[in-house]
There are 2 protein chains.
Amino acid sequence: MARARKLGLHTHHELVALMSTDSPVCRAEGLAAHTQIFVQNGGRPIAATLFQVEGDMLGPDEIGLSESAWAALGAEEGKLVRVSHAPPLESIACVRQRIYGHRLGQRAIAQIVQDVVAGRYSDVHLAAFLTAGAALPLNEDETYFLTKAMVDAGERLSWPEGIVVDKHCVGGLPGNRTTPIIVAIVAARGLTMPKTSSRAITSPAGTADTMETLAPVDLDVAQMREVVATEGGCIAWGGAVRLSPADDIFIGVERALDIDTEGQLVASVLSKKIAAGATHVVIDIPVGPTAKVRSAAAADQLAGRLSAIAARFGVQIECIRTDGNQPVGRAVGPALEALDVLAVLKGEPDAPPDLRDRACLLAGAILELGGAAAAGGGLALAETTLTSGAAWTKFERIRAAQGGARIPPAAALVEEITARHSGRVTHIDNRRIARLAKLAGAPDTPAAGLRLAVRLGDDIAAGQPLLSLYADSQGEMAYALAYAAANPDMIAIAG
Amino acid sequence: MARARKLGLHTHHELVALMSTDSPVCRAEGLAAHTQIFVQNGGRPIAATLFQVEGDMLGPDEIGLSESAWAALGAEEGKLVRVSHAPPLESIACVRQRIYGHRLGQRAIAQIVQDVVAGRYSDVHLAAFLTAGAALPLNEDETYFLTKAMVDAGERLSWPEGIVVDKHCVGGLPGNRTTPIIVAIVAARGLTMPKTSSRAITSPAGTADTMETLAPVDLDVAQMREVVATEGGCIAWGGAVRLSPADDIFIGVERALDIDTEGQLVASVLSKKIAAGATHVVIDIPVGPTAKVRSAAAADQLAGRLSAIAARFGVQIECIRTDGNQPVGRAVGPALEALDVLAVLKGEPDAPPDLRDRACLLAGAILELGGAAAAGGGLALAETTLTSGAAWTKFERIRAAQGGARIPPAAALVEEITARHSGRVTHIDNRRIARLAKLAGAPDTPAAGLRLAVRLGDDIAAGQPLLSLYADSQGEMAYALAYAAANPDMIAIAG
């Protein structure tokens with residue numbers, strides 16, 4: 001037994017326990033790497049990765065717990081918990097088989113996903129599972145099993161309406177904040193679109209982060225149902241309803257390895273949509289050299305796999321290839337993107353035309369897929385809905401129903417980054433633009449981020465602004481400026 | 001800049017930094033998983049994995065460092081270090097290519113190993129590299145490049161003698177402590193055997209741990225040379241001379257994943273031997289259901305690969321298949337194994353015959369390989385050297401040269417585990433026996449471990465002792481007894 005201590009340590013999904021090197025457990029386990037122990041507080045034991053600590057941080061009878069382990073245990077400060085050796089996880093044997101090229105069946109994949117969601121997988125196990133699925137790509141059956149396991153490991157919503165529409169962007173494009181605009185257009189036309197969105201995992205803004213600067217998004221299922229019943233649509237944070245909780249865990253490790261596999265991507269996208277109760281889904285696949293999908297052929301293959309797996313769940317999918325060569329709109333960061341969204345919805349003259357056009361294209365496809373527009377008539381209907389002000393009115397009603405409109409915050413500090421020489425903008429690196437906005441503080445500081453002053457093909461003079469950086473503190477601004485200075489070619493200028 | 005704080009946190013090879021969630025760096029990086037930062041203390045920056053912590057453990061201007069990061073930085077308590085974002089490691093792109101099936105060249109593998117040794121790889125990166133080499137096994141060229149890179153990443157010894165013999169056991173057999181006996185026999189016959197051994201990484205005892213209960217083993221290169229010049233052999237801890245430092249890092253992650261790949265194993269074994277300056281090496285390959293190598297065919301294939309790669313370094317190898325069905329000798333744990341070694345060397349009547357026979361077999365092969373015995377005459381010469389007392393005399397001289405003989409410590413507590421029913425011993429699980437000895441405190445508590453009372457094929461009665469457990473504290477004893485109770489079939493009794 002050991003006394004529980006809350007350390008305030010953020011280790012993401014991984015459950016971590018710290019014990020003194022002088023504790024009996026540490027003396028027994030030795031200093032071997034990657035030791036797992038069982039910790040129990042009345043209920044089921046959790047498996048935690050053991051780190052050892054010398055000195056006075058912890059007494060020999062204490063166990064320090066990460067935030068994730070604390071929550072999983074339901075521990076109380078100073079109360080005793082039981083500590084024992086962890087038996088090996090059975091599902092790790094399945095991961096090992098998969099590494100050596102044996103295909104996995106439904107039961108094995110379900111067990112792996114359950115153990116992942118329970119926090120029983122350490123980072124090395126997660127990395128091995130994902131690497132195995134990159135070295136020998138998941139086949140269609142495995143992808144289906146993984147999708148199903150990820151749906152089953154979380155909550156699943158259902159809606160009274162026969163047709164429930166949804167959309168997803170495969171990602172990698174900063175500023176691609178079409179969702180609030182699309183929900184407003186589509187709901188104004190009478191379709192049901194109970195949109196749940198993520199907060200950023202590794203990007204400078206998720207749709208939930210952006211929407212949160214415009215209205216409350218922490219809705220529980222009952223609140224979502226109420227908003228959708230009256231307005232036909234909502235833009236809520238999905239985290240409160242725990243849809244496909246394995247997804248965020250896998251994504252964190254995939255980002256660290258910078259690997260994207262088709263099977264994992266399909267399972268990630270579809271598990272969230274299926275868990276959210278969608279029946280008809282439009283998927284935006286941006287294609288570009290620094291987007292997630294880099295060629296039209298890759299986009300087509302991904303679209304084929306998405307449709308095939310979705311069909312096994314009775315869900316209809318339409319994939320739309322879009323331009324992924326540069327960020328969408330002008331802004332990257334929650335509040336700055338929110339201002340772009342408002343400008344499009346209000347029809348302001350300086351609203352970014354690419355964001356507007358992309359939102360109408362996708363909304364048009366959803367209107368057709370959901371039966372609210374005739375084939376070929378979706379785009380025009382979406383545009384009318386926007387220009388008539390009907391979408392803006394609907395957005396205002398949704399904001400009110402979600403708890404009231406908010407004004408996006410403004411950053412305390414702005415710095416301009418200018419061109420070092422004259423020429424034409426030939427390349428904008430989506431990944432490094434996103435990283436720069438993050439380093440300025442987005443999304444944790446909602447006002448932070450950047451606003452691009454140029455787009456591909458622009459001719460610019462030396463000294464002309466390329467972008468403005470927004471931050472709330474000198475420390476973050478300096479951190480971001482140093483990154484910008486070290487990466488002058490994130491906006492490439494030729495000539 | 002941030003003030004350095006030593007946390008006393010053991011994270012093995014991984015360099016870990018903790019910063020307050022209120023620090024500018026954490027606000028900029030956000031709570032994304034697996035973030036790496038650069039930390040600099042005058043010299044080259046190190047890359048560390050960032051964990052974030054709430055509350056009063058650290059102030060917003062402080063950075064807490066793991067023991068590994070502290071040592072790598074040469075930090076001083078309270079002194080300022082520079083913190084910045086970490087640029088992506090170039091060699092990770094090579095790992096990614098390897099995951100997707102592209103073979104790696106010499107330069108790429110060298111860069112990966114250098115980054116691993118510098119602590120720049122997080123656990124997820126290490127797991128991905130090792131998994132990729134399991135999913136698509138390293139070919140002969142890659143294995144050679146990896147071996148060479150591992151040799152080059154550390155120190156390399158050279159000896160004036162033309163022939164330098166060595167031995168290695170592929171592992172997985174608890175109690176297989178032949179090395180001190182072999183060195184004594186071989187050195188007594190005039191061969192040069194400057195043996196460097198490991199401490200346990202995940203096992204209950206390494207040869208260095210066992211030898212340390214008999215004599216000092218922390219020799220630096222100069223001390224090793226002095227002992228070898230006068231006695232022809234030594235049994236030193238290899239860690240002080242930093243031979244193939246990547247090896248321990250890889251092994252830690254392989255154990256966590258429980259994957260063994262031939263390429264990694266060959267590079268592990270040979271890089272240590274080549275770095276130690278060996279020219280003629282005998283390799284013990286135990287074969288058994290719970291040993292590392294599980295079939296004669298697998299042993300032959302491994303032997304072929306070992307010989308082929310060794311030849312490219314001009315090193316001569318002889319592989320010997322041995323019985324890997326059960327632990328060797330009676331004891332598992334540093335001091336207990338040391339007593340077995342002493343019994344064999346002194347020719348005591350109750351010395352474990354299997355340990356004696358195995359040591360003579362391997363020593364005989366070395367005597368032949370090194371030219372000290374005619375072909376076919378090695379075993380007899382080894383046995384004579386042991387029975388005549390020449391080996392014991394040589395061992396005593398080596399102990400004196402290394403700093404003086406020690407008496408192995410005795411454990412404070414002993415508990416007997418008895419048979420639940422009568423029958424014949426049909427199976428002994430090497431892995432669980434090793435784990436049990438570890439949980440009792442071995443190797444950190446040198447006196448801890450276990451002593452087997454039975455061997456395969458023994459007929460035993462219910463209540464008869466199967467093994468004795470040795471521990472120094474009630475906590476460790478209880479922890480180990482709980483494991484034994486949960487695993488009654490680690491010694492299987494049929495009938």
# chains A, B, ... in the order shown; residues from 1 in each chain; ligands from 1
>>> select_by_dssp(residues="range 252-329 of chain A", states="strand (DSSP E or B)", output="list in words")
His280, Val281, Val282, Ile283, Asp284, Ile285, Pro286, Val287, Val293, Gln316, Ile317, Glu318, Cys319, Ile320, Arg321, Thr322 and Asp323 of chain A
>>> select_by_dssp(residues="range 243-330 of chain B", states="helix (DSSP H, G or I)", output="PyMOL selection string")
chain B and resi 246-257+262-275+296-312
>>> write_last_selection(atoms="C-alpha atoms", output="PDB file, in the first residue's frame")
ATOM      1  CA  ALA B 246      23.422   2.229 -27.971  1.00  0.00           C
ATOM      2  CA  ASP B 247      23.002  -1.421 -27.026  1.00  0.00           C
ATOM      3  CA  ASP B 248      21.526  -0.883 -23.558  1.00  0.00           C
ATOM      4  CA  ILE B 249      19.095   1.702 -24.926  1.00  0.00           C
ATOM      5  CA  PHE B 250      17.801  -0.607 -27.639  1.00  0.00           C
ATOM      6  CA  ILE B 251      17.572  -3.553 -25.248  1.00  0.00           C
ATOM      7  CA  GLY B 252      15.398  -1.610 -22.802  1.00  0.00           C
ATOM      8  CA  VAL B 253      12.778  -0.931 -25.463  1.00  0.00           C
ATOM      9  CA  GLU B 254      13.013  -4.428 -26.954  1.00  0.00           C
ATOM     10  CA  ARG B 255      12.261  -5.883 -23.533  1.00  0.00           C
ATOM     11  CA  ALA B 256       9.243  -3.604 -23.083  1.00  0.00           C
ATOM     12  CA  LEU B 257       7.925  -4.780 -26.445  1.00  0.00           C
ATOM     13  CA  GLU B 262      17.925 -11.368 -35.403  1.00  0.00           C
ATOM     14  CA  GLY B 263      19.486  -8.214 -36.868  1.00  0.00           C
ATOM     15  CA  GLN B 264      19.284  -6.322 -33.598  1.00  0.00           C
ATOM     16  CA  LEU B 265      20.581  -9.331 -31.659  1.00  0.00           C
ATOM     17  CA  VAL B 266      23.554  -9.820 -33.983  1.00  0.00           C
ATOM     18  CA  ALA B 267      24.446  -6.112 -33.831  1.00  0.00           C
ATOM     19  CA  SER B 268      24.056  -6.129 -30.051  1.00  0.00           C
ATOM     20  CA  VAL B 269      26.339  -9.122 -29.490  1.00  0.00           C
ATOM     21  CA  LEU B 270      28.988  -8.296 -32.071  1.00  0.00           C
ATOM     22  CA  SER B 271      29.203  -4.545 -31.423  1.00  0.00           C
ATOM     23  CA  LYS B 272      30.139  -5.233 -27.793  1.00  0.00           C
ATOM     24  CA  LYS B 273      32.727  -7.861 -28.711  1.00  0.00           C
ATOM     25  CA  ILE B 274      34.294  -5.825 -31.514  1.00  0.00           C
ATOM     26  CA  ALA B 275      34.412  -2.699 -29.355  1.00  0.00           C
ATOM     27  CA  ALA B 296      17.667 -25.690 -33.413  1.00  0.00           C
ATOM     28  CA  ALA B 297      16.816 -24.235 -36.828  1.00  0.00           C
ATOM     29  CA  ALA B 298      16.585 -20.727 -35.388  1.00  0.00           C
ATOM     30  CA  ALA B 299      19.917 -21.274 -33.609  1.00  0.00           C
ATOM     31  CA  ASP B 300      21.580 -22.369 -36.840  1.00  0.00           C
ATOM     32  CA  GLN B 301      20.254 -19.393 -38.746  1.00  0.00           C
ATOM     33  CA  LEU B 302      21.424 -17.019 -36.022  1.00  0.00           C
ATOM     34  CA  ALA B 303      24.846 -18.694 -35.993  1.00  0.00           C
ATOM     35  CA  GLY B 304      25.130 -18.225 -39.751  1.00  0.00           C
ATOM     36  CA  ARG B 305      24.289 -14.537 -39.570  1.00  0.00           C
ATOM     37  CA  LEU B 306      26.648 -13.972 -36.618  1.00  0.00           C
ATOM     38  CA  SER B 307      29.552 -15.614 -38.453  1.00  0.00           C
ATOM     39  CA  ALA B 308      28.899 -13.727 -41.692  1.00  0.00           C
ATOM     40  CA  ILE B 309      28.800 -10.322 -40.034  1.00  0.00           C
ATOM     41  CA  ALA B 310      31.757 -11.074 -37.742  1.00  0.00           C
ATOM     42  CA  ALA B 311      33.804 -12.059 -40.796  1.00  0.00           C
ATOM     43  CA  ARG B 312      33.272  -8.573 -42.265  1.00  0.00           C
TER      44      ARG B 312
END
>>> atom_distance(atom1="CA of Gly8 in chain A", atom2="CA of Ala118 in chain B")
29.1 Å
>>> residues_around(residues="Ser20 in chain B", least_positions_apart="6", cutoff="10 Å", atoms="only C-alpha atoms", output="number ranges by chain")
A: 8-10; B: 26-27, 51-64
>>> closest_residue(among="A:Pro443, A:Gly463, A:Gly495, A:Pro286", to="Thr426 in chain A", atoms="only C-alpha atoms")
A:Gly495
>>> residues_around(residues="Trp70 in chain A", least_positions_apart="3", cutoff="9 Å", atoms="only C-alpha atoms", output="list in words")
Ala4, Arg5, Lys6, Leu7, Leu15, Gly64, Leu65, Ser66, Glu67, Leu73, Gly74, Ala75 and Glu76 of chain A
>>> write_last_selection(atoms="N, CA, C and O atoms", output="PDB file, in the first residue's frame")
ATOM      1  N   ALA A   4      -1.389   8.095  -1.793  1.00  0.00           N
ATOM      2  CA  ALA A   4      -1.489   8.754  -3.098  1.00  0.00           C
ATOM      3  C   ALA A   4      -1.154  10.237  -2.985  1.00  0.00           C
ATOM      4  O   ALA A   4      -1.573  10.912  -2.039  1.00  0.00           O
ATOM      5  N   ARG A   5      -0.367  10.726  -3.934  1.00  0.00           N
ATOM      6  CA  ARG A   5      -0.037  12.159  -4.008  1.00  0.00           C
ATOM      7  C   ARG A   5      -0.323  12.633  -5.419  1.00  0.00           C
ATOM      8  O   ARG A   5       0.132  12.043  -6.401  1.00  0.00           O
ATOM      9  N   LYS A   6      -1.079  13.728  -5.526  1.00  0.00           N
ATOM     10  CA  LYS A   6      -1.403  14.312  -6.835  1.00  0.00           C
ATOM     11  C   LYS A   6      -0.238  15.209  -7.223  1.00  0.00           C
ATOM     12  O   LYS A   6       0.103  16.144  -6.512  1.00  0.00           O
ATOM     13  N   LEU A   7       0.391  14.919  -8.346  1.00  0.00           N
ATOM     14  CA  LEU A   7       1.586  15.672  -8.729  1.00  0.00           C
ATOM     15  C   LEU A   7       1.274  16.836  -9.660  1.00  0.00           C
ATOM     16  O   LEU A   7       2.127  17.703  -9.874  1.00  0.00           O
ATOM     17  N   LEU A  15      -0.632   6.668 -18.243  1.00  0.00           N
ATOM     18  CA  LEU A  15      -0.777   6.695 -16.796  1.00  0.00           C
ATOM     19  C   LEU A  15       0.609   6.512 -16.186  1.00  0.00           C
ATOM     20  O   LEU A  15       1.274   5.523 -16.436  1.00  0.00           O
ATOM     21  N   GLY A  64       3.347   9.055  -6.268  1.00  0.00           N
ATOM     22  CA  GLY A  64       2.915  10.259  -6.977  1.00  0.00           C
ATOM     23  C   GLY A  64       2.242   9.852  -8.277  1.00  0.00           C
ATOM     24  O   GLY A  64       2.708   8.939  -8.960  1.00  0.00           O
ATOM     25  N   LEU A  65       1.131  10.491  -8.600  1.00  0.00           N
ATOM     26  CA  LEU A  65       0.359  10.064  -9.774  1.00  0.00           C
ATOM     27  C   LEU A  65       0.200  11.218 -10.757  1.00  0.00           C
ATOM     28  O   LEU A  65      -0.011  12.366 -10.367  1.00  0.00           O
ATOM     29  N   SER A  66       0.321  10.879 -12.044  1.00  0.00           N
ATOM     30  CA  SER A  66       0.045  11.861 -13.092  1.00  0.00           C
ATOM     31  C   SER A  66      -1.450  12.190 -13.076  1.00  0.00           C
ATOM     32  O   SER A  66      -2.256  11.451 -12.509  1.00  0.00           O
ATOM     33  N   GLU A  67      -1.810  13.295 -13.734  1.00  0.00           N
ATOM     34  CA  GLU A  67      -3.218  13.702 -13.774  1.00  0.00           C
ATOM     35  C   GLU A  67      -4.084  12.593 -14.365  1.00  0.00           C
ATOM     36  O   GLU A  67      -5.189  12.333 -13.903  1.00  0.00           O
ATOM     37  N   LEU A  73      -7.902   6.508 -11.438  1.00  0.00           N
ATOM     38  CA  LEU A  73      -8.052   5.814 -10.149  1.00  0.00           C
ATOM     39  C   LEU A  73      -9.174   6.391  -9.311  1.00  0.00           C
ATOM     40  O   LEU A  73      -9.700   5.707  -8.442  1.00  0.00           O
ATOM     41  N   GLY A  74      -9.499   7.673  -9.542  1.00  0.00           N
ATOM     42  CA  GLY A  74     -10.377   8.365  -8.603  1.00  0.00           C
ATOM     43  C   GLY A  74      -9.716   8.450  -7.237  1.00  0.00           C
ATOM     44  O   GLY A  74     -10.344   8.199  -6.216  1.00  0.00           O
ATOM     45  N   ALA A  75      -8.418   8.775  -7.241  1.00  0.00           N
ATOM     46  CA  ALA A  75      -7.646   8.775  -5.994  1.00  0.00           C
ATOM     47  C   ALA A  75      -7.981   9.993  -5.129  1.00  0.00           C
ATOM     48  O   ALA A  75      -8.562  10.960  -5.604  1.00  0.00           O
ATOM     49  N   GLU A  76      -7.642   9.900  -3.849  1.00  0.00           N
ATOM     50  CA  GLU A  76      -7.784  11.040  -2.949  1.00  0.00           C
ATOM     51  C   GLU A  76      -6.447  11.297  -2.282  1.00  0.00           C
ATOM     52  O   GLU A  76      -5.757  10.352  -1.900  1.00  0.00           O
TER      53      GLU A  76
END
>>> atom_distance(atom1="CA of Ala492 in chain A", atom2="CA of His421 in chain A")
10.3 Å
>>> atom_distance(atom1="CA of Gly404 in chain B", atom2="CA of Thr213 in chain B")
11.0 Å
>>> residues_around(residues="Gln106 in chain A", least_positions_apart="3", cutoff="10 Å", atoms="only C-alpha atoms", output="list in words")
Ile109, Ala110, Gln111, Asp141, Glu142, Thr143, Tyr144, Phe145, Leu146, Lys148 and Ala149 of chain A
>>> closest_residue(among="A:Val425, A:Ile417, A:Leu452, A:Leu439", to="Gly329 in chain A", atoms="only C-alpha atoms")
A:Leu452
>>> closest_residue(among="A:Leu18, A:Leu367, A:Ala331, A:Ile491", to="Ala447 in chain A", atoms="only C-alpha atoms")
A:Ala331
>>> closest_residue(among="A:Gly43, A:Gly288, A:Gly105, A:Gly133", to="chain B", atoms="only C-alpha atoms")
A:Gly133
>>> residues_around(residues="Val186 in chain A", least_positions_apart="4", cutoff="10 Å", atoms="only C-alpha atoms", output="compact mmCIF listing (two decimals) with N, CA, C and O atoms, in the first residue's frame")
# COMPACT_ATOMS: atom_id res chain seq x y z
N VAL A 165 -26.64 14.71 -41.23
CA VAL A 165 -25.47 15.00 -42.06
C VAL A 165 -24.28 15.40 -41.19
O VAL A 165 -24.44 15.80 -40.03
N ASP A 166 -23.10 15.28 -41.76
CA ASP A 166 -21.88 15.66 -41.05
C ASP A 166 -20.83 15.96 -42.10
O ASP A 166 -21.02 15.68 -43.29
N ILE A 181 -19.52 27.81 -40.82
CA ILE A 181 -20.25 28.38 -41.95
C ILE A 181 -21.17 27.31 -42.56
O ILE A 181 -22.34 27.56 -42.84
N ILE A 182 -20.61 26.11 -42.70
CA ILE A 182 -21.38 25.02 -43.31
C ILE A 182 -22.59 24.65 -42.45
O ILE A 182 -23.70 24.48 -42.96
N GLY A 190 -32.76 23.37 -43.35
CA GLY A 190 -33.62 22.35 -42.76
C GLY A 190 -33.00 20.98 -42.53
O GLY A 190 -33.66 20.06 -42.05
N LEU A 191 -31.71 20.83 -42.84
CA LEU A 191 -31.07 19.54 -42.55
C LEU A 191 -30.64 19.48 -41.08
O LEU A 191 -30.49 20.52 -40.42
N THR A 192 -30.42 18.27 -40.60
CA THR A 192 -29.98 18.07 -39.22
C THR A 192 -28.47 17.84 -39.21
O THR A 192 -27.98 16.90 -39.82
N MET A 193 -27.73 18.72 -38.52
CA MET A 193 -26.26 18.60 -38.49
C MET A 193 -25.76 18.86 -37.07
O MET A 193 -25.31 19.95 -36.74
N GLY A 232 -31.73 22.72 -35.56
CA GLY A 232 -31.32 21.79 -36.62
C GLY A 232 -29.83 21.52 -36.63
O GLY A 232 -29.37 20.56 -37.23
N GLY A 233 -29.06 22.37 -35.96
CA GLY A 233 -27.60 22.16 -35.96
C GLY A 233 -26.96 22.75 -34.72
O GLY A 233 -27.55 23.58 -34.02
N CYS A 360 -19.01 27.03 -49.31
CA CYS A 360 -20.20 26.86 -50.15
C CYS A 360 -20.12 25.56 -50.93
O CYS A 360 -21.13 24.85 -51.09
N LEU A 362 -18.61 22.75 -50.07
CA LEU A 362 -18.87 21.61 -49.19
C LEU A 362 -20.32 21.61 -48.71
O LEU A 362 -20.96 20.55 -48.66
N ALA A 363 -20.84 22.79 -48.38
CA ALA A 363 -22.24 22.88 -47.94
C ALA A 363 -23.16 22.43 -49.07
O ALA A 363 -24.16 21.72 -48.84
N GLY A 364 -22.83 22.82 -50.30
CA GLY A 364 -23.63 22.42 -51.46
C GLY A 364 -23.67 20.90 -51.60
O GLY A 364 -24.73 20.31 -51.86
N ILE A 366 -23.26 18.74 -49.21
CA ILE A 366 -24.06 18.19 -48.11
C ILE A 366 -25.55 18.36 -48.40
O ILE A 366 -26.36 17.46 -48.16
N LEU A 367 -25.93 19.54 -48.94
CA LEU A 367 -27.35 19.79 -49.26
C LEU A 367 -27.85 18.74 -50.26
O LEU A 367 -28.96 18.22 -50.11
N GLY A 370 -27.88 15.20 -48.55
CA GLY A 370 -28.94 15.09 -47.55
C GLY A 370 -30.33 15.27 -48.14
O GLY A 370 -31.33 15.23 -47.41
N ALA A 372 -31.60 18.03 -49.62
CA ALA A 372 -32.17 19.37 -49.51
C ALA A 372 -31.95 20.18 -50.79
O ALA A 372 -32.43 21.31 -50.89
N LEU A 381 -27.58 26.85 -54.13
CA LEU A 381 -28.44 27.01 -52.95
C LEU A 381 -27.62 27.46 -51.74
O LEU A 381 -28.05 28.32 -50.97
N ALA A 382 -26.42 26.90 -51.61
CA ALA A 382 -25.56 27.29 -50.49
C ALA A 382 -25.19 28.76 -50.61
O ALA A 382 -25.22 29.51 -49.61
N THR A 385 -28.09 30.97 -49.74
CA THR A 385 -28.35 30.94 -48.29
C THR A 385 -27.37 31.86 -47.56
O THR A 385 -27.72 32.48 -46.55
N ALA A 391 -28.03 32.28 -43.56
CA ALA A 391 -27.02 31.52 -42.80
C ALA A 391 -26.57 32.31 -41.57
O ALA A 391 -26.39 31.77 -40.48
N LYS A 394 -29.21 32.08 -38.95
CA LYS A 394 -29.17 30.77 -38.32
C LYS A 394 -27.99 30.66 -37.35
O LYS A 394 -28.12 30.14 -36.24
>>> closest_residue(among="B:Gln40, B:Thr387, B:Asn139, B:Thr179", to="Val83 in chain B", atoms="only C-alpha atoms")
B:Gln40
>>> residues_around(residues="Pro174 in chain A", least_positions_apart="2", cutoff="7 Å", atoms="only C-alpha atoms", output="list in words")
Gly172, Asn176, Pro327, Val328, Val332, Asn430 and Ala434 of chain A
